[in-house]
$ cat final_3.txt   # compact mmCIF, C-alpha atoms
# COMPACT_ATOMS: atom_id res chain seq x y z
CA MET A 1 0.00 0.00 0.00
CA ASN A 2 1.38 3.39 -0.87
CA ILE A 3 2.06 6.03 1.76
CA LYS A 4 -1.01 8.12 1.04
CA GLN A 5 -3.38 5.15 1.17
CA ARG A 6 -1.80 4.08 4.44
CA ILE A 7 -2.48 7.51 5.96
CA ALA A 8 -6.04 7.47 4.58
CA GLN A 9 -6.67 4.01 6.02
CA ARG A 10 -5.54 5.09 9.49
CA VAL A 11 -7.63 8.28 9.39
CA ALA A 12 -10.69 6.24 8.39
CA GLN A 13 -10.47 4.39 11.74
CA GLU A 14 -11.23 7.69 13.50
CA ILE A 15 -14.56 8.16 11.76
CA THR A 16 -17.68 7.40 13.78
CA PRO A 17 -20.55 5.61 12.00
CA GLY A 18 -23.39 7.95 11.07
CA SER A 19 -21.30 11.10 11.41
CA LEU A 20 -21.03 14.08 9.04
CA VAL A 21 -17.51 14.38 7.63
CA ASN A 22 -15.80 16.83 5.27
CA LEU A 23 -12.74 15.60 3.38
CA GLY A 24 -10.29 18.16 2.02
CA ILE A 25 -8.91 18.13 -1.49
CA GLY A 26 -6.05 15.75 -2.28
CA LEU A 27 -4.92 13.08 0.17
CA PRO A 28 -7.95 13.43 2.51
CA THR A 29 -10.28 12.49 -0.36
CA LEU A 30 -8.78 8.97 -0.27
CA VAL A 31 -10.19 8.42 3.23
CA ALA A 32 -13.68 7.72 1.87
CA GLN A 33 -12.39 4.56 0.13
CA HIS A 34 -11.54 3.09 3.53
CA VAL A 35 -14.90 3.73 5.18
CA PRO A 36 -17.33 0.83 4.73
CA VAL A 37 -20.73 1.70 3.24
CA GLU A 38 -22.41 0.05 6.27
CA ALA A 39 -20.95 2.80 8.48
CA ASN A 40 -23.50 5.20 6.96
CA VAL A 41 -21.08 8.09 7.12
CA PHE A 42 -22.34 11.27 5.45
CA PHE A 43 -19.64 12.99 3.44
CA GLN A 44 -20.05 16.71 2.86
CA SER A 45 -18.36 18.80 0.23
CA GLU A 46 -18.29 22.52 0.99
CA ASN A 47 -19.41 23.51 -2.51
CA GLY A 48 -22.85 22.35 -1.44
CA VAL A 49 -23.66 18.68 -0.96
CA ILE A 50 -24.11 16.05 1.74
CA GLY A 51 -24.14 12.41 0.67
CA ILE A 52 -21.21 11.99 -1.69
CA GLY A 53 -20.67 8.39 -2.68
CA GLY A 54 -19.89 6.06 -5.50
CA PHE A 55 -17.97 6.84 -8.63
CA PRO A 56 -19.99 8.13 -11.57
CA GLU A 57 -17.75 6.64 -14.22
CA GLY A 58 -19.52 7.17 -17.54
CA MET A 59 -22.39 8.91 -15.72
CA GLU A 60 -20.66 12.19 -14.85
CA ASN A 61 -23.02 15.07 -14.16
CA PRO A 62 -21.48 18.48 -14.92
CA SER A 63 -23.55 19.96 -12.08
CA LEU A 64 -22.30 17.50 -9.45
CA THR A 65 -18.71 17.99 -8.38
CA ASP A 66 -16.63 18.13 -5.23
CA ALA A 67 -14.70 21.11 -3.90
CA GLY A 68 -11.77 20.18 -6.14
CA GLY A 69 -14.00 20.37 -9.21
CA GLY A 70 -13.93 16.60 -9.78
CA TYR A 71 -17.05 14.65 -10.70
CA ILE A 72 -18.71 12.81 -7.84
CA GLY A 73 -21.69 10.61 -7.23
CA ALA A 74 -24.49 11.31 -4.77
CA LEU A 75 -26.13 8.51 -2.78
CA PRO A 76 -29.89 8.16 -2.35
CA GLY A 77 -30.77 10.59 0.44
CA ALA A 78 -28.16 13.16 -0.60
CA ALA A 79 -28.95 16.87 -0.23
CA ALA A 80 -27.69 19.90 -2.17
CA PHE A 81 -27.60 23.51 -0.95
CA ASP A 82 -25.96 26.92 -1.39
CA SER A 83 -22.60 28.10 -0.07
CA ALA A 84 -23.93 30.11 2.89
CA PHE A 85 -25.83 27.06 4.16
CA SER A 86 -22.82 24.82 3.52
CA PHE A 87 -20.59 27.00 5.68
CA GLY A 88 -23.35 27.34 8.25
CA LEU A 89 -23.04 23.58 8.65
CA ILE A 90 -19.30 23.93 9.05
CA ARG A 91 -19.16 26.96 11.37
CA GLY A 92 -22.32 26.19 13.27
CA GLY A 93 -21.00 23.04 14.92
CA HIS A 94 -22.97 20.62 12.74
CA LEU A 95 -19.93 19.05 11.10
CA ASP A 96 -18.52 16.19 13.17
CA MET A 97 -15.13 15.99 11.51
CA THR A 98 -12.94 17.49 8.85
CA VAL A 99 -9.82 15.86 7.43
CA LEU A 100 -7.39 18.32 5.89
CA GLY A 101 -3.98 18.26 4.30
CA GLY A 102 -1.16 20.18 5.93
CA LEU A 103 2.03 22.03 5.05
CA GLN A 104 3.15 22.46 8.68
CA VAL A 105 1.89 21.82 12.21
CA ASP A 106 3.49 23.41 15.27
CA GLU A 107 4.10 22.14 18.81
CA GLN A 108 0.69 23.36 20.02
CA GLY A 109 -1.10 21.82 17.07
CA HIS A 110 -1.60 24.94 14.95
CA LEU A 111 -1.96 24.14 11.26
CA ALA A 112 -0.56 25.98 8.26
CA ASN A 113 -2.01 24.81 4.95
CA TRP A 114 -3.08 27.69 2.73
CA ILE A 115 -0.15 29.75 1.51
CA ILE A 116 3.60 29.76 0.91
CA PRO A 117 4.18 33.50 0.66
CA GLY A 118 5.93 34.49 -2.56
CA LYS A 119 5.83 30.94 -3.94
CA MET A 120 2.38 29.47 -3.87
CA VAL A 121 -0.74 31.54 -3.25
CA PRO A 122 -3.68 29.18 -3.55
CA GLY A 123 -5.84 31.02 -1.04
CA MET A 124 -7.57 29.57 1.99
CA GLY A 125 -10.74 28.42 0.23
CA GLY A 126 -12.77 26.71 2.95
CA ALA A 127 -9.82 25.71 5.15
CA MET A 128 -10.08 28.54 7.70
CA ASP A 129 -13.80 27.94 8.24
CA LEU A 130 -13.28 24.17 8.48
CA VAL A 131 -10.53 24.36 11.10
CA CYS A 132 -12.47 26.97 13.04
CA GLY A 133 -15.82 25.22 12.99
CA ALA A 134 -15.57 21.42 12.70
CA ARG A 135 -16.03 19.54 15.97
CA GLN A 136 -12.93 17.48 15.25
CA VAL A 137 -10.04 18.43 12.98
CA ILE A 138 -7.66 15.77 11.70
CA VAL A 139 -4.57 16.62 9.67
CA ALA A 140 -3.59 13.92 7.18
CA MET A 141 -0.17 14.56 5.65
CA THR A 142 3.20 13.08 4.87
CA HIS A 143 5.51 13.36 7.89
CA THR A 144 8.19 15.22 5.94
CA ALA A 145 8.44 17.08 2.64
CA LYS A 146 11.59 16.48 0.56
CA GLY A 147 13.32 15.36 3.74
CA ASN A 148 12.31 18.45 5.69
CA ALA A 149 10.29 18.16 8.88
CA LYS A 150 6.72 19.47 8.70
CA ILE A 151 5.94 19.11 12.40
CA LEU A 152 7.87 22.04 13.83
CA GLN A 153 8.46 23.89 17.09
CA GLU A 154 7.07 26.99 15.43
CA LEU A 155 5.33 27.54 12.12
CA THR A 156 7.30 29.38 9.45
CA LEU A 157 4.17 29.71 7.27
CA PRO A 158 1.03 31.72 8.08
CA LYS A 159 -1.34 29.68 10.24
CA THR A 160 -4.81 28.65 9.12
CA SER A 161 -6.51 29.17 12.48
CA ASP A 162 -5.94 30.01 16.13
CA ARG A 163 -7.62 26.72 16.90
CA CYS A 164 -5.37 23.69 17.37
CA VAL A 165 -6.07 20.48 15.50
CA ASP A 166 -7.18 17.33 17.33
CA LEU A 167 -5.05 14.68 15.66
CA ILE A 168 -2.16 14.43 13.18
CA VAL A 169 -1.90 11.28 11.07
CA THR A 170 1.19 10.80 8.92
CA ASP A 171 2.88 7.93 7.13
CA LEU A 172 5.13 7.50 10.18
CA ALA A 173 3.00 8.28 13.20
CA VAL A 174 -0.20 9.31 14.93
CA ILE A 175 0.29 12.37 17.11
CA LYS A 176 -2.15 14.08 19.44
CA PRO A 177 -1.76 17.74 20.39
CA CYS A 178 -2.74 18.44 24.01
CA ASP A 179 -2.02 21.06 26.69
CA GLN A 180 1.41 19.58 27.48
CA GLY A 181 2.47 19.37 23.82
CA LEU A 182 2.45 16.74 21.10
CA ILE A 183 1.97 13.17 22.31
CA LEU A 184 3.27 10.36 20.13
CA LEU A 185 0.43 7.83 20.22
CA GLU A 186 1.36 5.40 17.47
CA VAL A 187 4.10 4.59 15.01
CA ALA A 188 3.63 2.94 11.63
CA PRO A 189 4.53 -0.76 11.29
CA GLU A 190 8.29 -1.23 10.93
CA VAL A 191 8.99 2.36 11.99
CA SER A 192 10.81 2.98 15.28
CA VAL A 193 10.10 5.71 17.79
CA ASP A 194 13.60 7.06 17.19
CA GLU A 195 12.94 7.33 13.46
CA VAL A 196 9.80 9.38 14.15
CA LEU A 197 11.66 11.62 16.59
CA ALA A 198 14.42 12.18 14.03
CA ALA A 199 11.89 13.20 11.37
CA THR A 200 10.12 15.62 13.72
CA GLU A 201 11.51 19.03 14.64
CA ALA A 202 8.96 19.65 17.38
CA LYS A 203 9.36 17.97 20.74
CA LEU A 204 7.26 14.82 21.00
CA ILE A 205 6.09 13.43 24.32
CA VAL A 206 6.72 9.67 24.34
CA GLU A 207 4.68 7.76 26.89
CA HIS A 208 5.66 4.10 26.66
CA PRO A 209 4.56 1.89 25.22
CA VAL A 210 3.85 3.58 21.90
CA LYS A 211 1.34 1.52 19.92
CA VAL A 212 1.86 0.30 16.39
CA MET A 213 -0.74 1.54 13.88
CA ALA A 214 -3.25 -1.22 13.18
CA LEU A 215 -3.46 -1.24 9.38
CA MET B 1 -43.23 38.40 -18.14
CA LYS B 2 -39.54 38.30 -18.93
CA GLN B 3 -38.53 37.17 -22.41
CA PRO B 4 -34.92 36.01 -22.72
CA ILE B 5 -32.77 38.70 -24.30
CA ASP B 6 -29.78 38.43 -26.57
CA VAL B 7 -26.53 37.74 -24.74
CA SER B 8 -24.78 40.63 -26.47
CA ASP B 9 -27.49 43.08 -25.38
CA ALA B 10 -27.26 41.81 -21.81
CA VAL B 11 -23.50 42.22 -21.63
CA ALA B 12 -23.60 45.62 -23.39
CA MET B 13 -25.34 46.98 -20.26
CA ILE B 14 -22.24 46.34 -18.14
CA PRO B 15 -19.92 49.36 -18.21
CA ASN B 16 -16.16 49.13 -17.89
CA GLY B 17 -15.14 49.75 -14.28
CA ALA B 18 -18.22 47.97 -12.90
CA THR B 19 -18.21 45.63 -9.91
CA ILE B 20 -19.54 42.22 -10.89
CA MET B 21 -20.45 39.15 -8.90
CA VAL B 22 -20.14 35.89 -10.82
CA GLY B 23 -21.68 32.67 -9.59
CA GLY B 24 -19.95 29.31 -9.75
CA PHE B 25 -17.49 27.03 -8.04
CA MET B 26 -14.57 25.93 -10.20
CA GLY B 27 -16.66 26.69 -13.26
CA VAL B 28 -19.68 24.69 -12.06
CA GLY B 29 -22.76 26.92 -11.97
CA THR B 30 -20.99 29.69 -13.89
CA PRO B 31 -22.78 31.62 -16.68
CA ASP B 32 -20.33 30.61 -19.38
CA GLN B 33 -21.94 32.31 -22.34
CA LEU B 34 -22.19 35.67 -20.54
CA LEU B 35 -18.49 35.46 -19.67
CA SER B 36 -17.45 34.62 -23.23
CA GLU B 37 -19.44 37.63 -24.40
CA MET B 38 -17.74 39.84 -21.77
CA VAL B 39 -14.43 38.88 -23.33
CA ARG B 40 -15.72 39.40 -26.88
CA GLN B 41 -16.91 42.91 -25.97
CA ARG B 42 -13.47 43.63 -24.48
CA LYS B 43 -14.72 44.66 -21.06
CA HIS B 44 -12.00 45.93 -18.77
CA ASN B 45 -11.15 47.44 -15.41
CA LEU B 46 -13.76 45.27 -13.67
CA THR B 47 -13.89 44.34 -10.00
CA LEU B 48 -14.78 40.67 -9.56
CA ILE B 49 -16.47 39.05 -6.56
CA ALA B 50 -16.54 35.26 -6.92
CA ASN B 51 -15.58 32.11 -5.08
CA ASP B 52 -12.61 31.30 -7.31
CA THR B 53 -11.17 31.95 -10.75
CA ALA B 54 -11.53 28.36 -12.02
CA ARG B 55 -8.81 27.38 -14.50
CA PRO B 56 -7.36 29.14 -17.54
CA ALA B 57 -9.92 29.09 -20.39
CA VAL B 58 -12.62 27.75 -18.05
CA GLY B 59 -15.48 29.85 -16.65
CA ILE B 60 -14.16 32.92 -14.83
CA GLY B 61 -10.70 31.90 -16.03
CA LYS B 62 -11.70 33.37 -19.41
CA LEU B 63 -12.13 36.81 -17.81
CA ILE B 64 -8.73 36.45 -16.14
CA ASP B 65 -7.00 35.33 -19.38
CA ALA B 66 -8.39 38.38 -21.21
CA GLY B 67 -7.20 40.80 -18.53
CA THR B 68 -10.71 42.11 -17.84
CA ILE B 69 -10.29 42.02 -14.06
CA THR B 70 -8.19 44.58 -12.16
CA LYS B 71 -9.43 43.73 -8.67
CA SER B 72 -10.89 40.55 -7.27
CA ILE B 73 -12.31 39.34 -3.98
CA VAL B 74 -12.12 35.55 -4.02
CA SER B 75 -11.43 32.61 -1.69
CA HIS B 76 -9.22 30.46 -3.89
CA ILE B 77 -6.95 30.97 -6.89
CA GLY B 78 -4.86 27.80 -6.55
CA THR B 79 -6.21 26.22 -9.72
CA ASN B 80 -5.48 29.25 -11.90
CA PRO B 81 -1.77 30.01 -12.35
CA GLU B 82 -2.64 33.03 -14.51
CA THR B 83 -4.48 34.70 -11.61
CA GLN B 84 -1.48 34.04 -9.40
CA ARG B 85 0.84 35.49 -12.03
CA GLN B 86 -1.26 38.64 -12.37
CA MET B 87 -1.38 38.97 -8.59
CA ILE B 88 2.39 38.67 -8.20
CA ALA B 89 2.99 41.02 -11.17
CA GLU B 90 0.56 43.47 -9.52
CA GLU B 91 -1.63 43.53 -12.63
CA GLN B 92 -4.53 42.42 -10.49
CA ASP B 93 -5.27 43.31 -6.88
CA VAL B 94 -6.42 40.04 -5.28
CA GLU B 95 -8.13 40.04 -1.89
CA LEU B 96 -8.37 36.52 -0.47
CA ALA B 97 -11.27 35.80 1.87
CA PRO B 98 -12.24 32.58 3.65
CA GLN B 99 -14.96 30.91 1.62
CA GLY B 100 -17.59 30.91 4.36
CA THR B 101 -16.81 34.52 5.14
CA LEU B 102 -17.12 35.47 1.47
CA ALA B 103 -20.51 33.75 1.26
CA GLU B 104 -21.70 35.57 4.38
CA ARG B 105 -20.42 38.94 3.13
CA VAL B 106 -22.41 38.51 -0.09
CA ARG B 107 -25.43 37.37 1.91
CA ALA B 108 -25.10 40.38 4.23
CA GLY B 109 -24.99 42.68 1.22
CA GLY B 110 -28.16 41.18 -0.19
CA TYR B 111 -29.99 40.91 3.12
CA GLY B 112 -29.46 44.52 4.18
CA LEU B 113 -27.10 43.74 7.06
CA GLY B 114 -24.23 45.94 8.16
CA GLY B 115 -21.88 42.97 8.16
CA VAL B 116 -21.47 39.63 9.87
CA LEU B 117 -19.57 38.46 12.95
CA THR B 118 -17.56 35.30 12.37
CA PRO B 119 -14.96 33.43 14.41
CA THR B 120 -13.24 32.29 11.20
CA ALA B 121 -9.73 33.70 10.57
CA ILE B 122 -9.29 35.27 14.01
CA GLY B 123 -5.58 35.43 14.80
CA THR B 124 -4.54 34.88 11.16
CA VAL B 125 -3.19 37.27 8.54
CA ALA B 126 -6.69 37.31 6.99
CA ALA B 127 -7.88 39.21 10.09
CA GLU B 128 -5.41 42.07 9.70
CA GLY B 129 -7.06 45.48 9.78
CA LYS B 130 -10.42 44.04 10.78
CA GLN B 131 -12.32 44.92 13.92
CA VAL B 132 -12.62 42.22 16.61
CA ILE B 133 -15.89 42.35 18.52
CA ASP B 134 -16.54 40.61 21.82
CA VAL B 135 -19.95 38.96 22.19
CA ASP B 136 -20.55 37.38 25.61
CA GLY B 137 -16.85 36.68 26.04
CA GLU B 138 -16.30 35.22 22.57
CA SER B 139 -14.30 37.02 19.90
CA PHE B 140 -15.63 37.56 16.40
CA LEU B 141 -14.34 39.37 13.33
CA LEU B 142 -16.52 42.05 11.81
CA GLU B 143 -16.75 41.26 8.11
CA ARG B 144 -18.32 43.90 5.91
CA PRO B 145 -21.10 43.34 3.39
CA LEU B 146 -20.41 43.06 -0.32
CA LYS B 147 -22.61 44.45 -3.07
CA ALA B 148 -22.18 44.69 -6.82
CA ASP B 149 -23.46 46.62 -9.79
CA PHE B 150 -24.20 43.40 -11.66
CA ALA B 151 -24.63 39.77 -10.69
CA LEU B 152 -24.03 37.26 -13.48
CA ILE B 153 -25.56 34.02 -12.32
CA LYS B 154 -26.44 30.60 -13.72
CA ALA B 155 -29.53 28.48 -13.15
CA GLN B 156 -30.74 25.31 -14.76
CA GLN B 157 -34.32 26.44 -15.25
CA ALA B 158 -36.30 29.66 -15.26
CA ASP B 159 -39.95 30.38 -15.91
CA TYR B 160 -41.05 33.54 -17.70
CA TYR B 161 -41.39 35.38 -14.38
CA GLY B 162 -37.72 34.65 -13.74
CA ASN B 163 -38.28 32.12 -10.95
CA LEU B 164 -35.14 30.00 -10.79
CA GLN B 165 -34.14 26.47 -10.00
CA TYR B 166 -30.51 25.51 -9.64
CA ARG B 167 -29.05 22.05 -10.02
CA LEU B 168 -27.08 20.16 -7.36
CA THR B 169 -23.68 21.75 -6.65
CA ALA B 170 -24.21 24.31 -9.42
CA GLN B 171 -26.17 26.28 -6.81
CA ASN B 172 -23.22 27.50 -4.67
CA PHE B 173 -23.00 31.34 -4.67
CA ASN B 174 -25.75 31.96 -7.25
CA PRO B 175 -28.77 32.46 -4.95
CA LEU B 176 -26.72 34.70 -2.64
CA MET B 177 -25.53 36.89 -5.51
CA ALA B 178 -29.06 37.20 -6.89
CA MET B 179 -29.84 39.24 -3.75
CA ALA B 180 -26.71 41.40 -3.67
CA ALA B 181 -26.49 43.26 -6.97
CA THR B 182 -28.30 46.24 -8.48
CA THR B 183 -28.89 44.39 -11.76
CA VAL B 184 -29.15 40.61 -11.95
CA ILE B 185 -28.63 38.74 -15.21
CA VAL B 186 -29.24 35.01 -15.20
CA GLU B 187 -28.15 32.52 -17.83
CA VAL B 188 -30.42 29.48 -17.93
CA ASP B 189 -30.36 26.14 -19.71
CA GLU B 190 -34.11 25.81 -20.00
CA MET B 191 -37.16 28.13 -20.10
CA LEU B 192 -40.42 26.79 -18.66
CA PRO B 193 -43.98 28.11 -18.72
CA VAL B 194 -45.02 29.98 -15.58
CA GLY B 195 -46.33 27.49 -13.04
CA CYS B 196 -44.07 24.61 -14.04
CA ILE B 197 -41.74 25.41 -11.15
CA THR B 198 -43.98 24.96 -8.13
CA PRO B 199 -43.68 27.49 -5.27
CA ASP B 200 -41.86 24.96 -3.09
CA GLN B 201 -39.29 24.35 -5.80
CA VAL B 202 -38.39 27.99 -6.49
CA HIS B 203 -34.84 28.61 -5.24
CA THR B 204 -34.73 32.29 -6.25
CA PRO B 205 -37.99 34.21 -6.77
CA GLY B 206 -38.32 35.90 -10.15
CA VAL B 207 -38.76 39.39 -8.70
CA LEU B 208 -34.99 39.42 -8.08
CA ILE B 209 -34.13 38.76 -11.71
CA ASP B 210 -33.77 41.64 -14.17
CA TYR B 211 -32.71 39.88 -17.37
CA ILE B 212 -32.68 36.30 -18.63
CA VAL B 213 -30.29 34.93 -21.23
CA LYS B 214 -30.70 31.48 -22.66
CA SER B 215 -27.54 29.38 -22.74
CA GLY B 216 -26.50 27.58 -25.88
CA VAL B 217 -28.11 30.12 -28.25
CA LEU B 218 -24.84 31.55 -29.46
CA ALA B 219 -22.58 28.78 -28.26
$ encode --input "final_3.txt" --output "C-alpha cells"
Amino acid sequence: MNIKQRIAQRVAQEITPGSLVNLGIGLPTLVAQHVPVEANVFFQSENGVIGIGGFPEGMENPSLTDAGGGYIGALPGAAAFDSAFSFGLIRGGHLDMTVLGGLQVDEQGHLANWIIPGKMVPGMGGAMDLVCGARQVIVAMTHTAKGNAKILQELTLPKTSDRCVDLIVTDLAVIKPCDQGLILLEVAPEVSVDEVLAATEAKLIVEHPVKVMAL
Amino acid sequence: MKQPIDVSDAVAMIPNGATIMVGGFMGVGTPDQLLSEMVRQRKHNLTLIANDTARPAVGIGKLIDAGTITKSIVSHIGTNPETQRQMIAEEQDVELAPQGTLAERVRAGGYGLGGVLTPTAIGTVAAEGKQVIDVDGESFLLERPLKADFALIKAQQADYYGNLQYRLTAQNFNPLMAMAATTVIVEVDEMLPVGCITPDQVHTPGVLIDYIVKSGVLA
C-alpha cells in the first residue's frame, strides 16, 4: 500500500458511524475509500452537498462535483444547498469531523495549509472555516516534505486558524496535540520511535509503550 | 413576463469599471456564455467578486485570461496560475477571503445587514485590519457586506417570471448573488412556462431577476 493510502486508512479508523464528515482536497479524499458503506457516514463537500458516494464513471453530471471540481456521485438521500448554508453547517457546529492536508503543524497543534508567501498563493478556500468550525479536525499529511520536517516547534508559514487540531496522522506516526504538547500515540509498522523523533523538529512526548498503527 | 434577451445586449449593459459578482465554483454553476461575451466585448477594469477563478480558459478563467479584471475578492486561486501570475505582477489586486466569510459577506450585502460576525480567521493574517468584537466573552471578526453593480448568475431552469431552479452543486454562490447586486442577469439552460416550477421548488424568486439569457443560443 502506498504512503497516502496508508495515511487514509488510518484516518478512516477515527470516523464514527453515522457522522457528518468533510474531506479536504487531495490526500484526505482517499479516506472515503476506507470507510465501509455500512458505516453510513455522510460525506459533505463545501461547494454544497451532503451524501457523496460512488464513482460516476460514464455517468458524470457536470452539475455534481466536489470542492476540487472533480465529478462525484451522490447517494440516495443526498442533499444539495448553497454556499452560505454549507458553511453554516461547518461553522455552526454541525460538522462532526474534517480531514485536511497540511504544510506544517506546530508544537501546540496549529496548522498551516493555505499559503507559501511568494511561492504558492492558492488562497484559503474553505480551510479557515473548516478548522475553526468542525467539531474534530484531523490533519492527514506526509511526515516530511523532501526530507524536511513538517511538524515544527514553530510555524514558518502563516497559520490557518488560532484553533489547534485534534489529531495528526502521517505515514510514520499518529500524534495528538494536548495542553502539554504533542503526544506520540502510534508509530507505523516497521517504523521505530527514534525514526519518528528524528523526522520531527517539534518535541514529541513519548509515553511508553507507543502503539503500532493497526493497518 | 420576462422574455430572454440576446446575450450581447445583456452584456452591453455592463460598463467598464463595474463591480460584478459571478456565480460558480470551479466553473460549475458559472454563466459561461455571458463570460465569453464579456471577453468578446473587451470589457476591462472590472472588480470581480466570486468564489474562485476556475482554471485558464474555463469559466471565470476566461475573464482572467483576457485581462478584464483589475481587482478581485475571491477565496481560492490555486487552480489558476494566470491569476497568481497577475497577482504577483501586480496587474490584479487580489483580496483573499475565507470561503464561508465570502458567502456571508455577499449574503449580508443582499440581506441589508451591516456585516457579519464570524470566528473564522481570528488570529490569522486574513484578520489584519479588521475589527474584533466581543460577544458574551467570545471574539468575532466584523466582516463587511459586499454588493455589486451586476450579478451574473447561472440556473438550470427559469420560468417567464424569472423564478429560478438551480441544479445540485451548481447552486453554490448563485442564490446569494441574486440578492446582492443592483442588476441581476441570469443565464439558464431551460425556459419553462409559468407554473411549471412549483412554489416549493423555487430557489430564487423571479422578482430578483432583471434579465434572462438562454444558454446555448450563441454557443
$ residues_around --input "final_3.txt" --residues "stretch 3-20 of chain B" --least-positions-apart "5" --cutoff "6 Å" --atoms "all atoms listed in the file" --output "PyMOL selection string"
chain B and resi 43-48+148-151+212-213
$ interface_residues --input "final_3.txt" --of "chain A" --to "chain B" --cutoff "8 Å" --atoms "all atoms listed in the file" --output "JSON, numbers by chain"
{"A": [47, 48, 49, 62, 63, 64, 65, 67, 68, 69, 80, 81, 82, 83, 84, 87, 88, 91, 118, 120, 121, 122, 123, 124, 125, 126, 127, 128, 129, 132, 133, 158, 159, 160, 161, 162]}
$ residues_around --input "final_3.txt" --residues "A:Leu197" --least-positions-apart "6" --cutoff "10 Å" --atoms "only C-alpha atoms" --output "list of chain:residue names"
A:Ala173, A:Leu184, A:Lys203, A:Leu204, A:Ile205, A:Val206
$ closest_residue --input "final_3.txt" --among "A:Ala214, A:Ile50, A:Val11, A:Leu89" --to "A:Ala32" --atoms "all atoms listed in the file"
A:Val11
$ atom_distance --input "final_3.txt" --atom1 "atom CA of B:Glu91" --atom2 "atom CA of B:Gly59"
19.9 Å
$ atom_distance --input "final_3.txt" --atom1 "atom CA of B:Gly23" --atom2 "atom CA of B:Lys154"
6.6 Å
$ atom_distance --input "final_3.txt" --atom1 "atom CA of B:Pro56" --atom2 "atom CA of B:Leu164"
28.6 Å
$ closest_residue --input "final_3.txt" --among "B:Asp32, B:Asp159, B:Asp93, B:Asp189" --to "B:Gly206" --atoms "all atoms listed in the file"
B:Asp159
$ residues_around --input "final_3.txt" --residues "A:Val105" --least-positions-apart "6" --cutoff "7 Å" --atoms "all atoms listed in the file" --output "list of chain:residue names"
A:Leu111, A:Ala112, A:Lys150, A:Ile151, A:Leu152, A:Leu155
$ residues_around --input "final_3.txt" --residues "A:Gly77" --least-positions-apart "6" --cutoff "10 Å" --atoms "all atoms listed in the file" --output "JSON, numbers by chain"
{"A": [42, 50, 51, 52]}
$ write_last_selection --input "final_3.txt" --atoms "C-alpha atoms" --output "mmCIF file, in the frame of the given file"
data_model
loop_
_atom_site.group_PDB
_atom_site.id
_atom_site.type_symbol
_atom_site.label_atom_id
_atom_site.label_comp_id
_atom_site.auth_asym_id
_atom_site.auth_seq_id
_atom_site.Cartn_x
_atom_site.Cartn_y
_atom_site.Cartn_z
ATOM 1 C CA PHE A 42 -22.340 11.270 5.450
ATOM 2 C CA ILE A 50 -24.110 16.050 1.740
ATOM 3 C CA GLY A 51 -24.140 12.410 0.670
ATOM 4 C CA ILE A 52 -21.210 11.990 -1.690
#
$ closest_residue --input "final_3.txt" --among "A:Val196, A:Val37, A:Leu30, A:Met59" --to "A:Gln9" --atoms "all atoms listed in the file"
A:Leu30
$ residues_around --input "final_3.txt" --residues "A:Leu157" --least-positions-apart "4" --cutoff "10 Å" --atoms "all atoms listed in the file" --output "short mmCIF file (atom, residue, chain, number, x, y, z; two decimals) with C-alpha atoms, in the frame of the given file"
data_model
loop_
_atom_site.label_atom_id
_atom_site.label_comp_id
_atom_site.auth_asym_id
_atom_site.auth_seq_id
_atom_site.Cartn_x
_atom_site.Cartn_y
_atom_site.Cartn_z
CA LEU A 103 2.03 22.03 5.05
CA GLN A 104 3.15 22.46 8.68
CA VAL A 105 1.89 21.82 12.21
CA LEU A 111 -1.96 24.14 11.26
CA ALA A 112 -0.56 25.98 8.26
CA ASN A 113 -2.01 24.81 4.95
CA TRP A 114 -3.08 27.69 2.73
CA ILE A 115 -0.15 29.75 1.51
CA ILE A 116 3.60 29.76 0.91
CA PRO A 117 4.18 33.50 0.66
#
$ residues_near_point --input "final_3.txt" --point "(-17.3, 10.3, 18.4)" --cutoff "10 Å" --atoms "only C-alpha atoms" --output "PyMOL selection string"
chain A and resi 14-19+96-97+135-136
